[in-house]
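What follows is the content of structure32.pdb (PDB, C-alpha atoms).
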MODEL        1
ATOM      1  CA  MET U   1     -12.753  17.103  11.915
ATOM      2  CA  THR U   2     -11.849  19.390   9.005
ATOM      3  CA  ALA U   3      -8.458  19.850   7.748
ATOM      4  CA  VAL U   4      -7.235  17.063   5.579
ATOM      5  CA  THR U   5     -10.336  16.891   3.393
ATOM      6  CA  GLU U   6      -9.573  20.294   1.809
ATOM      7  CA  PRO U   7      -6.192  19.689   0.137
ATOM      8  CA  ALA U   8      -3.870  22.647  -0.211
ATOM      9  CA  GLY U   9      -1.694  20.865  -2.750
ATOM     10  CA  PRO U  10      -1.756  17.789  -4.975
ATOM     11  CA  PHE U  11      -0.382  15.367  -2.366
ATOM     12  CA  VAL U  12      -1.578  15.399   1.249
ATOM     13  CA  HIS U  13      -0.120  13.094   3.916
ATOM     14  CA  PRO U  14      -1.422  13.712   7.439
ATOM     15  CA  ALA U  15      -0.920  11.603  10.546
ATOM     16  CA  LEU U  16      -4.077  11.102  12.610
ATOM     17  CA  PHE U  17      -3.384  10.789  16.345
ATOM     18  CA  TYR U  18      -6.078   8.861  18.226
ATOM     19  CA  ARG U  19      -6.380   7.382  21.718
ATOM     20  CA  ASP U  20      -9.363   5.007  21.610
ATOM     21  CA  GLN U  21     -12.009   3.547  19.312
ATOM     22  CA  GLN U  22     -14.244   6.594  19.591
ATOM     23  CA  GLU U  23     -11.488   8.943  18.455
ATOM     24  CA  TYR U  24     -10.469   6.506  15.740
ATOM     25  CA  LEU U  25     -13.959   6.490  14.243
ATOM     26  CA  ALA U  26     -14.303  10.251  14.689
ATOM     27  CA  GLY U  27     -11.134  10.800  12.693
ATOM     28  CA  VAL U  28     -11.418   8.156   9.977
ATOM     29  CA  VAL U  29     -15.130   7.821   9.162
ATOM     30  CA  PRO U  30     -15.748  11.482   8.138
ATOM     31  CA  PHE U  31     -12.596  11.332   6.010
ATOM     32  CA  VAL U  32     -13.946   8.310   4.153
ATOM     33  CA  ARG U  33     -17.497   9.627   3.814
ATOM     34  CA  LYS U  34     -16.404  12.995   2.484
ATOM     35  CA  GLY U  35     -14.358  11.244  -0.159
ATOM     36  CA  LEU U  36     -17.329   9.125  -1.165
ATOM     37  CA  ALA U  37     -19.583  12.191  -1.317
ATOM     38  CA  ALA U  38     -17.089  13.863  -3.636
ATOM     39  CA  GLY U  39     -16.962  10.841  -5.905
ATOM     40  CA  GLU U  40     -13.352  10.063  -5.006
ATOM     41  CA  PRO U  41     -12.047   6.488  -5.104
ATOM     42  CA  VAL U  42     -11.454   5.423  -1.479
ATOM     43  CA  ALA U  43      -9.364   2.587  -0.039
ATOM     44  CA  VAL U  44      -8.946   1.633   3.613
ATOM     45  CA  ALA U  45      -5.924  -0.492   4.553
ATOM     46  CA  VAL U  46      -5.775  -0.917   8.330
ATOM     47  CA  PRO U  47      -5.131  -3.746  10.827
ATOM     48  CA  THR U  48      -7.775  -6.449  11.255
ATOM     49  CA  GLU U  49      -9.408  -5.116  14.417
ATOM     50  CA  ASN U  50      -9.757  -1.585  13.040
ATOM     51  CA  LEU U  51     -10.957  -2.917   9.707
ATOM     52  CA  ARG U  52     -13.890  -4.610  11.484
ATOM     53  CA  LEU U  53     -14.755  -1.361  13.260
ATOM     54  CA  LEU U  54     -14.790   0.638  10.047
ATOM     55  CA  LYS U  55     -16.762  -1.939   8.083
ATOM     56  CA  ARG U  56     -19.479  -1.892  10.756
ATOM     57  CA  GLU U  57     -19.580   1.904  10.804
ATOM     58  CA  ILE U  58     -19.269   2.628   7.080
ATOM     59  CA  GLY U  59     -20.816  -0.490   5.622
ATOM     60  CA  THR U  60     -19.400  -2.653   2.892
ATOM     61  CA  ASP U  61     -21.754  -1.501   0.128
ATOM     62  CA  GLU U  62     -20.386   2.024  -0.223
ATOM     63  CA  GLY U  63     -17.737   1.303  -2.820
ATOM     64  CA  VAL U  64     -14.799   1.459  -0.406
ATOM     65  CA  ARG U  65     -11.897  -0.934  -1.036
ATOM     66  CA  PHE U  66     -11.198  -2.556   2.340
ATOM     67  CA  LEU U  67      -7.819  -4.259   2.906
ATOM     68  CA  ASP U  68      -6.367  -5.945   5.970
ATOM     69  CA  MET U  69      -2.987  -4.310   6.547
ATOM     70  CA  ARG U  70      -1.837  -7.262   8.658
ATOM     71  CA  GLU U  71      -1.952  -9.286   5.445
ATOM     72  CA  VAL U  72      -1.240  -6.923   2.565
ATOM     73  CA  GLY U  73       1.257  -4.885   4.572
ATOM     74  CA  ARG U  74       3.009  -7.496   6.663
ATOM     75  CA  ASN U  75       6.145  -6.487   4.761
ATOM     76  CA  PRO U  76       6.191  -2.665   4.896
ATOM     77  CA  GLY U  77       8.292  -2.595   1.718
ATOM     78  CA  ARG U  78       5.333  -4.042  -0.154
ATOM     79  CA  ILE U  79       2.811  -1.348   0.820
ATOM     80  CA  ILE U  80       3.731   1.413  -1.634
ATOM     81  CA  PRO U  81       3.899  -0.737  -4.790
ATOM     82  CA  GLY U  82       1.428  -3.448  -3.796
ATOM     83  CA  VAL U  83      -1.255  -1.457  -1.967
ATOM     84  CA  LEU U  84      -1.093   2.333  -2.284
ATOM     85  CA  SER U  85       0.202   2.709  -5.841
ATOM     86  CA  ALA U  86      -1.729  -0.341  -6.992
ATOM     87  CA  PHE U  87      -4.978   1.324  -5.915
ATOM     88  CA  ALA U  88      -4.112   4.869  -7.033
ATOM     89  CA  ASP U  89      -2.786   3.795 -10.435
ATOM     90  CA  ALA U  90      -5.968   1.847 -11.186
ATOM     91  CA  GLN U  91      -8.177   4.943 -10.911
ATOM     92  CA  PRO U  92      -9.267   7.210 -13.787
ATOM     93  CA  SER U  93      -6.719   9.820 -14.800
ATOM     94  CA  GLY U  94      -7.204  13.093 -12.958
ATOM     95  CA  ALA U  95      -9.282  11.654 -10.134
ATOM     96  CA  ARG U  96      -8.265  12.567  -6.599
ATOM     97  CA  VAL U  97      -7.660   9.385  -4.646
ATOM     98  CA  ARG U  98      -8.238   9.014  -0.917
ATOM     99  CA  ILE U  99      -6.576   6.271   1.167
ATOM    100  CA  VAL U 100      -6.473   5.387   4.857
ATOM    101  CA  GLY U 101      -3.231   3.525   5.528
ATOM    102  CA  GLU U 102      -2.259   2.269   8.994
ATOM    103  CA  PRO U 103       1.062   0.401   8.669
ATOM    104  CA  ILE U 104       2.183   0.814  12.305
ATOM    105  CA  TRP U 105       0.240  -0.694  15.174
ATOM    106  CA  ALA U 106       0.954  -1.899  18.699
ATOM    107  CA  GLY U 107       2.466  -5.348  18.282
ATOM    108  CA  ARG U 108       4.733  -4.576  15.362
ATOM    109  CA  SER U 109       8.101  -6.025  16.387
ATOM    110  CA  ALA U 110      11.323  -4.105  16.912
ATOM    111  CA  THR U 111      12.684  -5.978  13.887
ATOM    112  CA  GLU U 112       9.829  -4.721  11.709
ATOM    113  CA  TYR U 113       9.708  -1.143  12.937
ATOM    114  CA  PRO U 114      12.662   0.381  11.005
ATOM    115  CA  ALA U 115      11.092  -0.884   7.772
ATOM    116  CA  CYS U 116       7.738   0.585   8.871
ATOM    117  CA  VAL U 117       9.053   4.075   9.546
ATOM    118  CA  GLN U 118      11.106   4.085   6.351
ATOM    119  CA  HIS U 119       7.928   3.181   4.483
ATOM    120  CA  GLU U 120       6.105   6.140   6.052
ATOM    121  CA  ALA U 121       8.966   8.414   5.032
ATOM    122  CA  LEU U 122       9.048   7.161   1.449
ATOM    123  CA  ILE U 123       5.330   7.721   0.874
ATOM    124  CA  ASN U 124       6.240  11.399   0.569
ATOM    125  CA  ALA U 125       8.710  10.719  -2.246
ATOM    126  CA  ALA U 126       6.512   8.172  -4.016
ATOM    127  CA  PHE U 127       3.418  10.401  -4.283
ATOM    128  CA  GLN U 128       4.910  13.863  -4.533
ATOM    129  CA  GLY U 129       2.861  15.960  -6.948
ATOM    130  CA  ARG U 130       0.031  13.434  -7.283
ATOM    131  CA  ALA U 131      -3.613  14.100  -6.417
ATOM    132  CA  VAL U 132      -3.618  11.620  -3.555
ATOM    133  CA  THR U 133      -4.504  12.009   0.123
ATOM    134  CA  ILE U 134      -3.153   9.327   2.471
ATOM    135  CA  LEU U 135      -4.340   9.495   6.082
ATOM    136  CA  CYS U 136      -2.161   7.492   8.505
ATOM    137  CA  PRO U 137      -3.723   6.739  11.925
ATOM    138  CA  TYR U 138      -1.465   6.376  15.002
ATOM    139  CA  ASP U 139      -2.685   4.945  18.310
ATOM    140  CA  ILE U 140      -0.703   7.318  20.525
ATOM    141  CA  GLN U 141      -2.087   5.668  23.664
ATOM    142  CA  ARG U 142      -0.460   2.306  22.897
ATOM    143  CA  LEU U 143       2.463   3.085  20.617
ATOM    144  CA  ASP U 144       5.952   3.801  21.939
ATOM    145  CA  PRO U 145       6.754   7.531  22.297
ATOM    146  CA  GLN U 146       9.543   7.146  19.731
ATOM    147  CA  VAL U 147       6.996   5.966  17.168
ATOM    148  CA  VAL U 148       4.904   9.070  17.797
ATOM    149  CA  ALA U 149       8.002  11.274  17.548
ATOM    150  CA  ASP U 150       8.910   9.655  14.234
ATOM    151  CA  ALA U 151       5.395  10.323  12.923
ATOM    152  CA  TYR U 152       6.080  14.048  13.253
ATOM    153  CA  GLY U 153       9.153  13.569  11.063
ATOM    154  CA  THR U 154       7.373  11.601   8.336
ATOM    155  CA  HIS U 155       4.122  13.610   8.098
ATOM    156  CA  PRO U 156       3.888  17.303   7.210
ATOM    157  CA  VAL U 157       0.512  17.642   8.958
ATOM    158  CA  ILE U 158      -0.727  16.264  12.296
ATOM    159  CA  LEU U 159      -4.429  15.822  13.083
ATOM    160  CA  ASP U 160      -5.607  15.266  16.651
ATOM    161  CA  ALA U 161      -8.767  13.149  16.601
ATOM    162  CA  GLY U 162      -9.677  14.154  20.157
ATOM    163  CA  SER U 163      -9.595  17.913  19.716
ATOM    164  CA  GLY U 164     -10.156  18.070  15.960
ATOM    165  CA  ARG U 165      -7.108  20.329  15.672
ATOM    166  CA  GLU U 166      -4.859  20.309  12.646
ATOM    167  CA  ARG U 167      -1.330  21.663  12.730
ATOM    168  CA  GLU U 168       1.786  21.639  10.646
ATOM    169  CA  SER U 169       4.635  19.436  11.871
ATOM    170  CA  PRO U 170       7.821  21.501  12.355
ATOM    171  CA  PRO U 171      10.090  18.389  12.623
ATOM    172  CA  TYR U 172       8.878  17.094   9.258
ATOM    173  CA  ASP U 173      11.920  15.862   7.291
ATOM    174  CA  TYR U 174      11.228  12.506   5.736
ATOM    175  CA  GLU U 175      14.667  12.139   4.142
ATOM    176  CA  ALA U 176      16.386  12.648   7.498
ATOM    177  CA  VAL U 177      14.116  10.064   9.146
ATOM    178  CA  HIS U 178      14.745   7.572   6.363
ATOM    179  CA  ALA U 179      18.503   8.075   6.674
ATOM    180  CA  ARG U 180      18.392   7.681  10.463
ATOM    181  CA  TYR U 181      16.821   4.243  10.104
ATOM    182  CA  ASN U 182      19.329   3.148   7.465
ATOM    183  CA  GLU U 183      21.035   1.448  10.376
ATOM    184  CA  PRO U 184      23.376  -1.565  10.315
ATOM    185  CA  LEU U 185      21.440  -4.781  10.698
ATOM    186  CA  PRO U 186      22.032  -6.934  13.786
ATOM    187  CA  PRO U 187      24.923  -9.350  13.197
ATOM    188  CA  ALA U 188      23.968 -12.578  11.475
ATOM    189  CA  PRO U 189      24.445 -15.754  13.508
ATOM    190  CA  GLU U 190      27.409 -18.040  12.932
ATOM    191  CA  VAL U 191      26.202 -19.779   9.775
ATOM    192  CA  PRO U 192      27.986 -20.699   6.530
ATOM    193  CA  ALA U 193      28.749 -17.733   4.269
ATOM    194  CA  HIS U 194      28.508 -18.644   0.592
ATOM    195  CA  THR U 195      30.490 -16.371  -1.722
ATOM    196  CA  PHE U 196      29.107 -16.286  -5.247
ATOM    197  CA  VAL U 197      29.887 -14.923  -8.712
ATOM    198  CA  SER U 198      27.953 -15.175 -11.973
ATOM    199  CA  ASP U 199      29.057 -18.723 -12.758
ATOM    200  CA  VAL U 200      27.506 -20.237  -9.610
ATOM    201  CA  LEU U 201      24.166 -18.404  -9.301
ATOM    202  CA  GLY U 202      22.180 -21.588  -9.858
ATOM    203  CA  GLU U 203      24.278 -23.474  -7.333
ATOM    204  CA  VAL U 204      23.924 -20.819  -4.645
ATOM    205  CA  ARG U 205      20.158 -20.703  -5.177
ATOM    206  CA  HIS U 206      19.997 -24.447  -4.569
ATOM    207  CA  LEU U 207      22.129 -24.062  -1.443
ATOM    208  CA  ALA U 208      19.611 -21.529  -0.131
ATOM    209  CA  THR U 209      16.531 -23.635  -0.876
ATOM    210  CA  ASP U 210      18.147 -26.790   0.524
ATOM    211  CA  ALA U 211      18.921 -24.977   3.776
ATOM    212  CA  ALA U 212      15.443 -23.437   3.949
ATOM    213  CA  GLY U 213      13.874 -26.845   3.330
ATOM    214  CA  ARG U 214      15.869 -28.353   6.191
ATOM    215  CA  PHE U 215      14.564 -25.582   8.444
ATOM    216  CA  GLY U 216      10.994 -26.538   7.506
ATOM    217  CA  LEU U 217      10.029 -24.056   4.788
ATOM    218  CA  VAL U 218       7.773 -25.676   2.189
ATOM    219  CA  SER U 219       6.211 -24.648  -1.121
ATOM    220  CA  PRO U 220       4.862 -22.223  -2.135
ATOM    221  CA  ARG U 221       6.920 -20.186   0.362
ATOM    222  CA  LEU U 222      10.029 -22.158  -0.565
ATOM    223  CA  ASP U 223       9.485 -21.091  -4.175
ATOM    224  CA  ASP U 224       9.165 -17.463  -3.037
ATOM    225  CA  LEU U 225      12.471 -17.707  -1.192
ATOM    226  CA  ALA U 226      14.130 -19.221  -4.264
ATOM    227  CA  LEU U 227      12.828 -16.334  -6.375
ATOM    228  CA  ALA U 228      14.059 -13.749  -3.855
ATOM    229  CA  VAL U 229      17.519 -15.324  -3.686
ATOM    230  CA  ALA U 230      17.719 -15.483  -7.475
ATOM    231  CA  GLU U 231      16.830 -11.792  -7.790
ATOM    232  CA  LEU U 232      19.176 -10.626  -5.025
ATOM    233  CA  THR U 233      22.173 -12.622  -6.173
ATOM    234  CA  THR U 234      21.661 -11.546  -9.784
ATOM    235  CA  ASN U 235      21.487  -7.918  -8.629
ATOM    236  CA  SER U 236      24.778  -8.398  -6.789
ATOM    237  CA  VAL U 237      26.481  -9.734  -9.892
ATOM    238  CA  VAL U 238      25.063  -7.061 -12.212
ATOM    239  CA  HIS U 239      25.034  -4.006  -9.933
ATOM    240  CA  GLY U 240      26.989  -4.921  -6.805
ATOM    241  CA  GLY U 241      30.538  -5.445  -7.995
ATOM    242  CA  GLY U 242      30.182  -8.851  -9.636
ATOM    243  CA  SER U 243      30.011 -10.971  -6.496
ATOM    244  CA  GLY U 244      28.339 -11.272  -3.128
ATOM    245  CA  VAL U 245      27.862 -13.340  -0.001
ATOM    246  CA  LEU U 246      24.740 -15.333   0.903
ATOM    247  CA  ARG U 247      23.712 -16.533   4.365
ATOM    248  CA  VAL U 248      20.586 -18.482   5.366
ATOM    249  CA  TRP U 249      19.368 -19.295   8.869
ATOM    250  CA  ALA U 250      16.250 -19.853  10.959
ATOM    251  CA  GLU U 251      15.062 -17.640  13.824
ATOM    252  CA  ASP U 252      11.814 -16.981  15.684
ATOM    253  CA  GLY U 253       9.595 -18.898  13.284
ATOM    254  CA  TYR U 254      11.174 -17.542  10.091
ATOM    255  CA  VAL U 255      13.760 -18.582   7.560
ATOM    256  CA  VAL U 256      16.024 -15.594   6.967
ATOM    257  CA  CYS U 257      18.206 -15.091   3.916
ATOM    258  CA  GLU U 258      20.752 -12.322   3.569
ATOM    259  CA  VAL U 259      22.762 -11.128   0.593
ATOM    260  CA  HIS U 260      25.651  -8.691   0.937
ATOM    261  CA  ASP U 261      27.604  -7.093  -1.887
ATOM    262  CA  GLN U 262      29.780  -4.061  -2.599
ATOM    263  CA  GLY U 263      27.120  -2.022  -4.385
ATOM    264  CA  ARG U 264      25.387   1.002  -2.901
ATOM    265  CA  LEU U 265      21.703   1.867  -3.243
ATOM    266  CA  SER U 266      21.307   5.553  -4.017
ATOM    267  CA  ASP U 267      17.667   5.472  -5.163
ATOM    268  CA  LEU U 268      15.366   5.950  -2.158
ATOM    269  CA  LEU U 269      12.478   4.282  -3.988
ATOM    270  CA  ALA U 270      14.392   1.241  -5.216
ATOM    271  CA  GLY U 271      12.081  -1.740  -4.885
ATOM    272  CA  ARG U 272       9.004   0.419  -4.255
ATOM    273  CA  ARG U 273       8.018   1.587  -7.720
ATOM    274  CA  PRO U 274       5.444  -0.552  -9.491
ATOM    275  CA  ALA U 275       6.921  -1.953 -12.685
ATOM    276  CA  SER U 276       5.378  -0.828 -15.958
ATOM    277  CA  ARG U 277       4.357  -3.500 -18.442
ATOM    278  CA  ASP U 278       7.081  -2.555 -20.907
ATOM    279  CA  GLN U 279       9.830  -2.185 -18.287
ATOM    280  CA  ARG U 280      12.879  -4.333 -18.913
ATOM    281  CA  GLY U 281      14.922  -5.179 -15.843
ATOM    282  CA  GLY U 282      15.035  -3.231 -12.611
ATOM    283  CA  ARG U 283      12.437  -5.411 -10.906
ATOM    284  CA  GLY U 284      14.696  -7.401  -8.571
ATOM    285  CA  LEU U 285      14.201  -5.656  -5.232
ATOM    286  CA  LEU U 286      10.542  -4.980  -6.083
ATOM    287  CA  ILE U 287       9.966  -8.712  -6.537
ATOM    288  CA  VAL U 288      11.688  -9.422  -3.221
ATOM    289  CA  ASN U 289       9.448  -6.896  -1.466
ATOM    290  CA  LEU U 290       6.359  -8.469  -3.002
ATOM    291  CA  VAL U 291       7.156 -12.070  -1.986
ATOM    292  CA  ALA U 292       8.923 -11.755   1.398
ATOM    293  CA  ASP U 293       7.249 -11.320   4.795
ATOM    294  CA  LEU U 294       9.775  -8.655   5.795
ATOM    295  CA  VAL U 295      12.689  -6.971   4.030
ATOM    296  CA  ARG U 296      15.342  -4.850   5.716
ATOM    297  CA  VAL U 297      18.082  -3.029   3.814
ATOM    298  CA  HIS U 298      21.256  -1.324   4.972
ATOM    299  CA  THR U 299      23.435   0.532   2.487
ATOM    300  CA  ASP U 300      26.591   2.619   2.949
ATOM    301  CA  PRO U 301      29.845   3.264   1.040
ATOM    302  CA  ALA U 302      31.114  -0.201   2.023
ATOM    303  CA  GLY U 303      28.204  -2.018   0.377
ATOM    304  CA  THR U 304      24.595  -3.111   0.700
ATOM    305  CA  THR U 305      22.989  -5.823   2.801
ATOM    306  CA  VAL U 306      19.473  -7.065   2.051
ATOM    307  CA  ARG U 307      17.885  -9.362   4.620
ATOM    308  CA  CYS U 308      14.494 -10.992   4.058
ATOM    309  CA  TRP U 309      12.253 -13.129   6.235
ATOM    310  CA  PHE U 310       9.892 -15.985   5.243
ATOM    311  CA  ALA U 311       7.445 -17.320   7.829
ATOM    312  CA  LEU U 312       7.562 -21.040   8.526
TER     313      LEU U 312
ENDMDL
END
As structure tokens:
Amino acid sequence: MTAVTEPAGPFVHPALFYRDQQEYLAGVVPFVRKGLAAGEPVAVAVPTENLRLLKREIGTDEGVRFLDMREVGRNPGRIIPGVLSAFADAQPSGARVRIVGEPIWAGRSATEYPACVQHEALINAAFQGRAVTILCPYDIQRLDPQVVADAYGTHPVILDAGSGRERESPPYDYEAVHARYNEPLPPAPEVPAHTFVSDVLGEVRHLATDAAGRFGLVSPRLDDLALAVAELTTNSVVHGGGSGVLRVWAEDGYVVCEVHDQGRLSDLLAGRRPASRDQRGGRGLLIVNLVADLVRVHTDPAGTTVRCWFAL
């Protein structure tokens, strides 16, 4: 396979379509080895089963950073700041960075998928103009056809591992894909709705942790939920009209907390930029992405809803 290893511009973001293990290795391994031969820092963040394959084929002594995407990327909102940018920003200035990132695999739930595809879209905004190549494998044999169709919209280049062909993607329009998945969240169940303002932020945080504790969430995850609620409710007071509404419930092995306010998110990369050491404020949604197991956001002129999941 050729193609992606000869970048035409600073940032390169191809989707690799594969159908079986043989095609997967044929598409990914040469990409990694060419990067190593060129002295480029290389990271591989893929699901557990594919990580084992690549470690056996490439070896673990080659200087590749291997990461299990089922762990580091269980919340898609965490991948850009906590995985991709974290690796790229740690490299020497001017070095081209090469990453294999596979955030979507068969078994991702319908609840997770909108966050996954929005992540794939936002990679293009986060790394625009940077000397980074991010190869995103897609198992087109097992993934839903809609997932494959969305990959055309979030990647400017498509590589076919079977044929070795590379082609531009005419439907590529990451902003349109991101907007399409800015969909209203499913209605919350009939649970208490706690309205809050600045004077009761501590009280509402305790309400959330008490409810989560009754549902069976324990520390340190209970502490993570408390931190997320504190950040979201403070954001509502400061940026969302001065008040908001909190709901907490349990479903499908998770404690879910939701905060709604009258603010509107206009920054596509809110919560996905790594915070600089001297940054003051602006870390709220980033912190939530880093501690929660899943975060979904819906924003429109009527307000913003942030819903986050914590595994029991």
Checklist entry - What lies within 8 Å of Val72 (chain U) using all atoms listed in the file, ignoring chain neighbours under 4 positions off, as an MDAnalysis selection string? => result chainID U and resid 67:68 78:79 82:83
Item to check | Result set of the PyMOL selection byres ((chain U and resi 64) around 9) on the coordinates above, as a PyMOL selection string | outcome: chain U and resi 32+36+41-44+58-63+65-66
Next on the checklist: One decimal, in Å: what's the spacing between CA of Leu217 (chain U) and CA of Tyr254 (chain U)?
Outcome noted: 8.5 Å
Next on the checklist: Evaluate the PyMOL selection byres ((chain U and resi 192) around 9) against this structure - the residues, as a list in words, please.
Outcome noted: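 Taken over the shown coordinates, the PyMOL selection byres ((chain U and resi 192) around 9) returns Glu190, Val191, Ala193, His194, Leu246, Arg247 and Val248 of chain U.
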Would you mind exporting C-alpha atoms of the selected residues as a tab-separated table (two decimals), in the coordinates of the input?
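Wrote it out as selection23.tsv, contents follow:
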chain	number	residue	atom	x	y	z
U	190	GLU	CA	27.41	-18.04	12.93
U	191	VAL	CA	26.20	-19.78	9.78
U	193	ALA	CA	28.75	-17.73	4.27
U	194	HIS	CA	28.51	-18.64	0.59
U	246	LEU	CA	24.74	-15.33	0.90
U	247	ARG	CA	23.71	-16.53	4.36
U	248	VAL	CA	20.59	-18.48	5.37
Checklist entry - Given the choices U:Val295, U:Ala302, U:Ala176, U:Val245, which gets closest to Gly77 (chain U) if the distance is worked out from only C-alpha atoms? => result U:Val295
Here's the selection I'm unsure about, the PyMOL selection byres ((chain U and resi 230) around 10); applied to the file above, which residues does it give, as an mmCIF file with C-alpha atoms, in the coordinates of the input?
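Printed below is out08.cif as written:
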data_model
loop_
_atom_site.group_PDB
_atom_site.id
_atom_site.type_symbol
_atom_site.label_atom_id
_atom_site.label_comp_id
_atom_site.auth_asym_id
_atom_site.auth_seq_id
_atom_site.Cartn_x
_atom_site.Cartn_y
_atom_site.Cartn_z
ATOM 1 C CA LEU U 201 24.166 -18.404 -9.301
ATOM 2 C CA GLY U 202 22.180 -21.588 -9.858
ATOM 3 C CA VAL U 204 23.924 -20.819 -4.645
ATOM 4 C CA ARG U 205 20.158 -20.703 -5.177
ATOM 5 C CA HIS U 206 19.997 -24.447 -4.569
ATOM 6 C CA ALA U 208 19.611 -21.529 -0.131
ATOM 7 C CA ASP U 224 9.165 -17.463 -3.037
ATOM 8 C CA LEU U 225 12.471 -17.707 -1.192
ATOM 9 C CA ALA U 226 14.130 -19.221 -4.264
ATOM 10 C CA LEU U 227 12.828 -16.334 -6.375
ATOM 11 C CA ALA U 228 14.059 -13.749 -3.855
ATOM 12 C CA VAL U 229 17.519 -15.324 -3.686
ATOM 13 C CA GLU U 231 16.830 -11.792 -7.790
ATOM 14 C CA LEU U 232 19.176 -10.626 -5.025
ATOM 15 C CA THR U 233 22.173 -12.622 -6.173
ATOM 16 C CA THR U 234 21.661 -11.546 -9.784
ATOM 17 C CA ASN U 235 21.487 -7.918 -8.629
ATOM 18 C CA GLY U 284 14.696 -7.401 -8.571
ATOM 19 C CA VAL U 288 11.688 -9.422 -3.221
#
Item to check | Atomic distance CA of Gly94 (chain U) - CA of Glu40 (chain U), expressed in Å with one decimal | outcome: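 Computing it gives 10.5 Å between the two atoms.
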Find the smallest box with edges along x, y and z containing every listed atom of region 177-186 of chain U, then add 8 Å on each side and report centre and edge lengths in Å to one decimal, as AutoDock Vina command-line options.
--center_x 18.7 --center_y 1.6 --center_z 10.1 --size_x 25.3 --size_y 33.0 --size_z 23.4
Checklist entry - Excluding same-chain residues fewer than 2 positions from Gly242 (chain U), what lies within 10 Å of it counting only C-alpha atoms, as JSON, numbers by chain? => result {"U": [196, 197, 198, 233, 234, 235, 236, 237, 238, 239, 240, 244, 261, 262, 263]}
For a cutoff of 8 Å around the file-coordinate point (2.2, 15.6, -6.3), which residues qualify once you count only C-alpha atoms? I'd like the result as a PDB file with C-alpha atoms, keeping the file's coordinate frame.
ATOM      1  CA  GLY U   9      -1.694  20.865  -2.750  1.00  0.00           C
ATOM      2  CA  PRO U  10      -1.756  17.789  -4.975  1.00  0.00           C
ATOM      3  CA  PHE U  11      -0.382  15.367  -2.366  1.00  0.00           C
ATOM      4  CA  PHE U 127       3.418  10.401  -4.283  1.00  0.00           C
ATOM      5  CA  GLN U 128       4.910  13.863  -4.533  1.00  0.00           C
ATOM      6  CA  GLY U 129       2.861  15.960  -6.948  1.00  0.00           C
ATOM      7  CA  ARG U 130       0.031  13.434  -7.283  1.00  0.00           C
ATOM      8  CA  ALA U 131      -3.613  14.100  -6.417  1.00  0.00           C
ATOM      9  CA  VAL U 132      -3.618  11.620  -3.555  1.00  0.00           C
TER      10      VAL U 132
END
Item to check | Selection: 9 Å around Arg296 (chain U), only C-alpha atoms, excl. self and same-chain fewer than 4 positions, as an MDAnalysis selection string | outcome: chainID U and resid 77 111:112 114:115 185 305:309
All residues 10 Å or closer to Ala106 (chain U), all atoms listed in the file, same chain fewer than 3 positions away omitted, as a PDB file with C-alpha atoms, in the frame of the given file:
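Okay, this is what ended up in out-v6.pdb:
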ATOM      1  CA  SER U 109       8.101  -6.025  16.387  1.00  0.00           C
ATOM      2  CA  TYR U 138      -1.465   6.376  15.002  1.00  0.00           C
ATOM      3  CA  ASP U 139      -2.685   4.945  18.310  1.00  0.00           C
ATOM      4  CA  ILE U 140      -0.703   7.318  20.525  1.00  0.00           C
ATOM      5  CA  GLN U 141      -2.087   5.668  23.664  1.00  0.00           C
ATOM      6  CA  ARG U 142      -0.460   2.306  22.897  1.00  0.00           C
ATOM      7  CA  LEU U 143       2.463   3.085  20.617  1.00  0.00           C
ATOM      8  CA  ASP U 144       5.952   3.801  21.939  1.00  0.00           C
TER       9      ASP U 144
END
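Residue nearest Phe31 (chain U), chosen from U:Gly107, U:Pro76, U:Pro137, U:Pro301 and counting only C-alpha atoms: U:Pro137.
Using all atoms listed in the file, the smallest distance between any of U:Asn182, U:Asn75, U:Ser266, U:Thr209 and His298 (chain U) comes from U:Asn182.
For the residues U:Leu222, U:Val259, U:Leu269, U:Ala37, ranking by smallest atom-to-atom distance to Ala292 (chain U) using only C-alpha atoms places U:Leu222 first.
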Next on the checklist: Restricting the calculation to only C-alpha atoms: of U:Pro81, U:Ala161, U:Tyr113, U:Gln118, which residue gets closest to Gln21 (chain U)?
Outcome noted: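 Ranking U:Pro81, U:Ala161, U:Tyr113, U:Gln118 by distance to Gln21 (chain U), first place goes to U:Ala161.
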